[in-house]
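Have a look at the structure below before the remarks.
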Protein chains: 2
Amino acid sequence: MVASDAPIDLRLLPERSSVDTHGRLSIAGVDLVDLAETHGTPLYVYDEQELRDRCRAYRDAFGTADGAANVSYASKAFLCTAMAQLVAEEGLELDVASGGEAHVALRGGFPGARMVFHGNNKSDDELRLALSLPAGRVVVDGFDELDRVESLVAGGLAPPRVLLRITPGIDAHTHEHIATGGADSKFGFTLDSGIADEAALRAATSSRVELAGFHCHLGSQLFDLDVYEAAADELAALAARLRVATGRPIAEINLGGGLGVAYTAAEAGGVPSIAVFAHVLQAAHAAACARHGVLDPVPRLTVEAGRSIAARAGLTLYQVGTVKEVPGGDPYVAVDGGMSDNPRPITYGARYEAFLPGRAAEARPLRATVAGKHCEQGDLLVRGAQLPAGVSVGDVLATPVTGAYAHSMASNYNLLQRPAVVFVRDGEARVVVRRETLDDLVSRDVAARGQTEV
Amino acid sequence: MVASDAPIDLRLLPERSSVDTHGRLSIAGVDLVDLAETHGTPLYVYDEQELRDRCRAYRDAFGTADGAANVSYASKAFLCTAMAQLVAEEGLELDVASGGEAHVALRGGFPGARMVFHGNNKSDDELRLALSLPAGRVVVDGFDELDRVESLVAGGLAPPRVLLRITPGIDAHTHEHIATGGADSKFGFTLDSGIADEAALRAATSSRVELAGFHCHLGSQLFDLDVYEAAADELAALAARLRVATGRPIAEINLGGGLGVAYTAAEAGGVPSIAVFAHVLQAAHAAACARHGVLDPVPRLTVEAGRSIAARAGLTLYQVGTVKEVPGGDPYVAVDGGMSDNPRPITYGARYEAFLPGRAAEARPLRATVAGKHCEQGDLLVRGAQLPAGVSVGDVLATPVTGAYAHSMASNYNLLQRPAVVFVRDGEARVVVRRETLDDLVSRDVAARGQTEV
């Protein structure tokens with residue numbers, strides 16, 4: 001990447017970002033430096049309207065079927081009760097992949113009927129919960145799970161609507177950790193050796209499940225949308241073969257998610273819009289269904305979206321604690337968070353940018369490494385960051401595009417307290433998740449022998 | 001690594017492990033399958049006596065000075081109040097790297113006077129806490145921090161005993177993320193360009209700190225101990241130069257930690273014992289001090305130990321939920337935890353073994369991938385695991401050597417609930433950290449608008 005000393009590219013920030021005449025950055029009318037002072041750092045900040053706008057753009061682009069959106073929000077990207085409520089209000093469906101995600105969503109008032117229950121290894125408790133959600137759907141991932149669902153239904157629960165997760169053997173060009181579509185995957189029924197066909201036949205003819213359709217997911221952070229054409233073709237072909245075998249039509253084909261986002265200015269020009277994403281998938285789906293005669297009806301096309309809804313709506317505010325000069329190298333600018341509040345750099349080698357919200361209009365000629373405060377050399381948030389000259393102790397520093405997979409993957413490593421989450425809107429900020437306290441860190445500790453409970 | 005179908009190598013388990021005539025594995029007289037049934041899975045299990053034995057071995061090998069052990073336990077590896085109490089009882093000192101670690105340790109009854117306060121970017125609050133611990137030591141990491149400490153003392157706090165963290169420019173052969181000794185590090189004062197000498201001179205002549213000595217840390221998970229010779233030499237040389245410049249002797253040299261542990265049978269033969277580790281460091285320190293005339297007195301040699309105390313004492317129990325056959329590939333054995341309870345495989349590419357505690361005497365001919373339950377293909381706990389034939393749904397599966405950096409780095413990703421921690425001893429198990437509940441997952445969520453608190 002060619003280093004640029006330009007100010008932070010506003011395309012990496014929520015749309016309601018603006019820089020005032022003093023060079024200070026506000027989001028939705030809320031000054032970020034003031035916000036850091038009021039609520040402390042590290043702090044996750046989300047533009048609430050940006051989250052809503054992205055949900056609406058998806059709903060508009062993919063439409064609805066019988067009043068239900070053809071898009072579900074992937075809660076693993078970012079979930080808390082406030083986010084569940086927001087997604088419910090914006091009318092999307094919701095992917096959950098654990099009892100915990102379902103629990104938080106229900107607490108946020110999200111209707112169970114609009115949940116889609118995912119996971120390669122759901123527990124009996126999770127399946128029982130999934131089957132108790134009226135009209136929700138269960139994405140069945142393997143034969144062991146089909147056994148378990150049928151056995152729960154035999155035990156008295158109502159037969160669920162299921163999607164079968166299919167592994168189409170398509171190699172999406174993304175990070176190995178998040179490429180999920182290849183045949184050698186922990187997820188789903190592979191098309192190889194007729195395994196997916198066997199599963200489809202079994203589910204279609206079982207009295208204990210209602211086969212609604214097929215699901216696949218190619219990977220995350222995808223920029224090249226061509227891969228969806230092959231996936232649509234494989235699923236339509238599978239639906240056609242099932243119809244020949246059983247006469248049964250398929251009601252729904254879910255092509256998963258994966259639309260990428262730009263984390264750096266260098267990527268900002270290359271991200272397909274939600275509208276383009278929808279157009280490509282709809283065209284691929286329609287063509288595939290026509291090609292294989294999957295008509296009357298054409299299955300409902302559904303998709304999932306997590307990162308592309310949440311990532312750019314959020315950023316993280318830190319305070320600079322030390323600046324360390326390195327002879328012959330980039331200086332280290334250490335902030336008061338790190339790999340515990342954003343594990344993506346150390347886990348995936350993820351790249352970010354950094355900027356100073358109090359000096360957002362200035363050039364950023366200083367190449368630096370933004371380091372976290374953990375006792376670990378790999379705890380580096382941004383390598384090759386560009387910052388204004390003279391960044392110094394006490395400055396508020398922001399990393400944009402941290403709205404997905406930061407809060408949701410946060411840990412207490414080094415027993416740091418996890419940050420608060422603030423939603424900003426119309427010039428006001430509200431805390432939706434409070435900062436962890438020192439006492440929270442011992443809330444699960446059982447008093448040792450000879451100790452009294454404090 | 002050549003695959004072996006041998007049963008699990010008992011060198012990867014706590015010493016009090018035994019396999020009964022039915023092939024079931026017990027630790028300290030507690031059957032692991034029973035333990036999983038009683039306490040649920042995933043479950044972190046520690047042999048309490050193994051933790052104590054390792055602490056004692058370190059104390060014996062490195063000795064004491066004025067009653068204080070020359071070894072501090074690095075709490076980032078694994079800390080809860082019960083562990084803090086254990087370390088206090090075994091008479092080690094304690095490294096803490098955050099206010100959170102200090103808080104948990106104090107709750108466990110650990111005396112502040114035996115804490116060593118680390119970190120490349122301590123906050124004002126953390127420094128205030130460190131300076132309020134009577135007789136504890138602060139490892140000062142940079143000039144900004146020296147400024148801050150002096151300013152707190154100017155404000156009325158007592159001058160602390162400090163160690164200066166030195167970056168000796170030594171390239172330890174370990175994973176890039178945990179190699180901390182190189183000159184281009186976020187930590188410490190580099191010896192390059194006279195920076196460490198300048199810091200030493202400033203601290204030695206400041207009335208606001210009491211310079212106790214120097215600290216360095218080369219990296220983690222080291223097997224090759226030769227690198228300590230160069231580190232001892234550099235720190236002794238620095239002490240000698242300071243004595244020439246100021247006439248002041250140095251009381252303590254801390255060579256950090258880093259002793260590796262075996263995670264797999266293939267590594268089990270190559271790990272130096274604590275006694276050998278002590279011998280190498282003591283010899284290097286004595287020789288370096290003699291070489292540079294750092295005598296009268298020879299500085300106290302201190303070290304740190306985290307992983308080599310906690311790792312092998314702990315293992316994680318899971319339950320198998322699905323077994324997925326892959327045409328032409330290793331089957332996936334999915335368990336009820338994953339990257340949230342052990343982030344080391346996805347973060348560092350860390351290798352582990354796996355075994356079935358209920359069938360611990362059996363050969364393990366089946367090559368498999370042990371997968372977690374997270375919605376992410378990279379959530380694989382053990383690639384190339386060897387398991388008994390016929391591993392099946394419901395089996396208890398264990399990954400050994402997870403006592404360090406599993407509980408401490410755990411997250412709530414996918415809103416999984418973090419596991420309980422159980423200490424076993426003399427045939428009994430006690431819960432020291434209770435399992436997270438569904439309600440814990442929303443304990444920090446602030447009720448959304450229009451919602452009532454439930």
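By convention in this document, the chains of the structure tokens carry letters A, B, ... by their order, each chain's residues are numbered from 1, and ligands are numbered from 1 in the order they are shown.
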
**Message:** DSSP on the backbone: which residues in stretch 74-306 of chain A end up as alpha helix (DSSP H)? Give the answer as a PyMOL selection string.
**Reply:** chain A and resi 81-89+99-107+124-132+143-154+195-205+227-246+274-292

**Prompt:** Could you name the residues that touch stretch 216-225 of chain B at 10 Å or less, counting only C-alpha atoms, but leaving out those on the same chain fewer than 3 positions away, as JSON, numbers by chain?
**Reply:** {"A": [376, 377], "B": [139, 163, 164, 165, 166, 167, 168, 169, 170, 171, 172, 173, 174, 175, 176, 177, 178, 179, 180, 181, 182, 187, 188, 189, 228, 229, 231, 232, 234, 235, 253, 254, 255, 256, 257, 258, 259, 260, 261, 262, 267, 270, 271, 272, 276, 277, 280, 281, 303, 304, 305, 306, 307, 308]}

**Request:** Taking only C-alpha atoms into account, report as number ranges by chain which residues of chain A lie within 6 Å of chain B.
**Result:** A: 76, 82, 100-101, 119-121, 144, 177-178, 180, 186, 321-322, 332, 347, 373, 375-378, 408-411, 413-416, 432-434, 438, 444-446, 448

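Going from atom CA of B:Val30 over to atom CA of B:Arg383, you cover 28.3 Å.
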
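Ranking B:Gly358, B:Arg208, B:Leu94, B:Ala286 by their shortest atom-to-atom distance to B:Val19, with only C-alpha atoms included, puts B:Gly358 first.
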
**Request:** Give the strand (DSSP E) residues of stretch 166-295 of chain A, as assigned by DSSP on the backbone, as a PyMOL selection string.
**Result:** chain A and resi 166-167+189-190+210-215+252-254

**Residue with smallest distance to B:Leu317 - pool B:Ser206, B:Ser18, B:Asn342, B:Gln49, counting only C-alpha atoms** = B:Asn342

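Residues in contact with B:Ala363 at up to 9 Å, not including ones fewer than 2 positions away on its chain and judged by only C-alpha atoms, are Ser4, Asp5, Ala6, Pro7, Ile8, Arg359, Ala360, Ala361, Pro365, Leu366, Gln386, Leu387, Pro388 and Ala389 of chain B.
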
Written file, previous selection with N, CA and C atoms, as an mmCIF file, in the first residue's frame:
data_model
loop_
_atom_site.group_PDB
_atom_site.id
_atom_site.type_symbol
_atom_site.label_atom_id
_atom_site.label_comp_id
_atom_site.auth_asym_id
_atom_site.auth_seq_id
_atom_site.Cartn_x
_atom_site.Cartn_y
_atom_site.Cartn_z
ATOM 1 N N SER B 4 1.255 -40.178 15.046
ATOM 2 C CA SER B 4 1.407 -41.397 15.818
ATOM 3 C C SER B 4 0.034 -41.792 16.309
ATOM 4 N N ASP B 5 -0.207 -43.101 16.314
ATOM 5 C CA ASP B 5 -1.521 -43.516 16.786
ATOM 6 C C ASP B 5 -1.473 -43.955 18.250
ATOM 7 N N ALA B 6 -0.389 -43.589 18.934
ATOM 8 C CA ALA B 6 -0.261 -43.974 20.344
ATOM 9 C C ALA B 6 -1.306 -43.257 21.192
ATOM 10 N N PRO B 7 -1.631 -43.840 22.352
ATOM 11 C CA PRO B 7 -2.508 -43.118 23.278
ATOM 12 C C PRO B 7 -1.871 -41.790 23.685
ATOM 13 N N ILE B 8 -2.659 -40.923 24.294
ATOM 14 C CA ILE B 8 -2.142 -39.613 24.690
ATOM 15 C C ILE B 8 -0.901 -39.792 25.576
ATOM 16 N N ARG B 359 -11.422 -43.089 27.081
ATOM 17 C CA ARG B 359 -10.738 -44.152 26.323
ATOM 18 C C ARG B 359 -9.258 -43.804 26.204
ATOM 19 N N ALA B 360 -8.665 -43.457 27.359
ATOM 20 C CA ALA B 360 -7.319 -42.889 27.339
ATOM 21 C C ALA B 360 -6.228 -43.915 27.092
ATOM 22 N N ALA B 361 -6.543 -45.186 27.223
ATOM 23 C CA ALA B 361 -5.508 -46.210 27.016
ATOM 24 C C ALA B 361 -5.475 -46.704 25.578
ATOM 25 N N PRO B 365 -5.908 -44.123 16.075
ATOM 26 C CA PRO B 365 -5.571 -44.231 14.648
ATOM 27 C C PRO B 365 -6.301 -43.240 13.751
ATOM 28 N N LEU B 366 -7.354 -42.597 14.278
ATOM 29 C CA LEU B 366 -8.183 -41.748 13.411
ATOM 30 C C LEU B 366 -7.631 -40.326 13.343
ATOM 31 N N GLN B 386 -5.197 -36.872 16.508
ATOM 32 C CA GLN B 386 -5.302 -38.332 16.465
ATOM 33 C C GLN B 386 -6.298 -38.746 17.539
ATOM 34 N N LEU B 387 -7.305 -39.507 17.132
ATOM 35 C CA LEU B 387 -8.361 -39.912 18.061
ATOM 36 C C LEU B 387 -8.647 -41.405 17.918
ATOM 37 N N PRO B 388 -9.226 -42.005 18.945
ATOM 38 C CA PRO B 388 -9.609 -43.409 18.810
ATOM 39 C C PRO B 388 -10.652 -43.573 17.709
ATOM 40 N N ALA B 389 -10.634 -44.728 17.075
ATOM 41 C CA ALA B 389 -11.645 -45.020 16.059
ATOM 42 C C ALA B 389 -13.024 -44.979 16.712
#

**Request:** Would you mind listing what lies within 8 Å of stretch 125-132 of chain A as a PyMOL selection string, with only C-alpha atoms counted and same-chain residues fewer than 3 positions away left out?
**Result:** chain A and resi 98-99+117+122+136-138+149+152+157-160

For the selection you just gave me, I'd like the residues written to a file as a PDB file, in the first residue's frame, keeping C-alpha atoms.
ATOM      1  CA  SER A  98     -26.065 -19.849  19.637  1.00  0.00           C
ATOM      2  CA  GLY A  99     -28.451 -19.854  22.544  1.00  0.00           C
ATOM      3  CA  PHE A 117     -30.890 -20.507  13.737  1.00  0.00           C
ATOM      4  CA  LYS A 122     -26.013 -26.760  18.004  1.00  0.00           C
ATOM      5  CA  GLY A 136     -38.448 -19.466  12.852  1.00  0.00           C
ATOM      6  CA  ARG A 137     -36.125 -21.473  10.653  1.00  0.00           C
ATOM      7  CA  VAL A 138     -33.334 -23.855  11.533  1.00  0.00           C
ATOM      8  CA  VAL A 149     -33.954 -32.512  15.339  1.00  0.00           C
ATOM      9  CA  LEU A 152     -36.719 -33.796  19.484  1.00  0.00           C
ATOM     10  CA  LEU A 157     -41.824 -30.598  19.679  1.00  0.00           C
ATOM     11  CA  ALA A 158     -43.376 -29.211  16.516  1.00  0.00           C
ATOM     12  CA  PRO A 159     -41.619 -30.012  13.222  1.00  0.00           C
ATOM     13  CA  PRO A 160     -39.461 -27.012  12.289  1.00  0.00           C
TER      14      PRO A 160
END
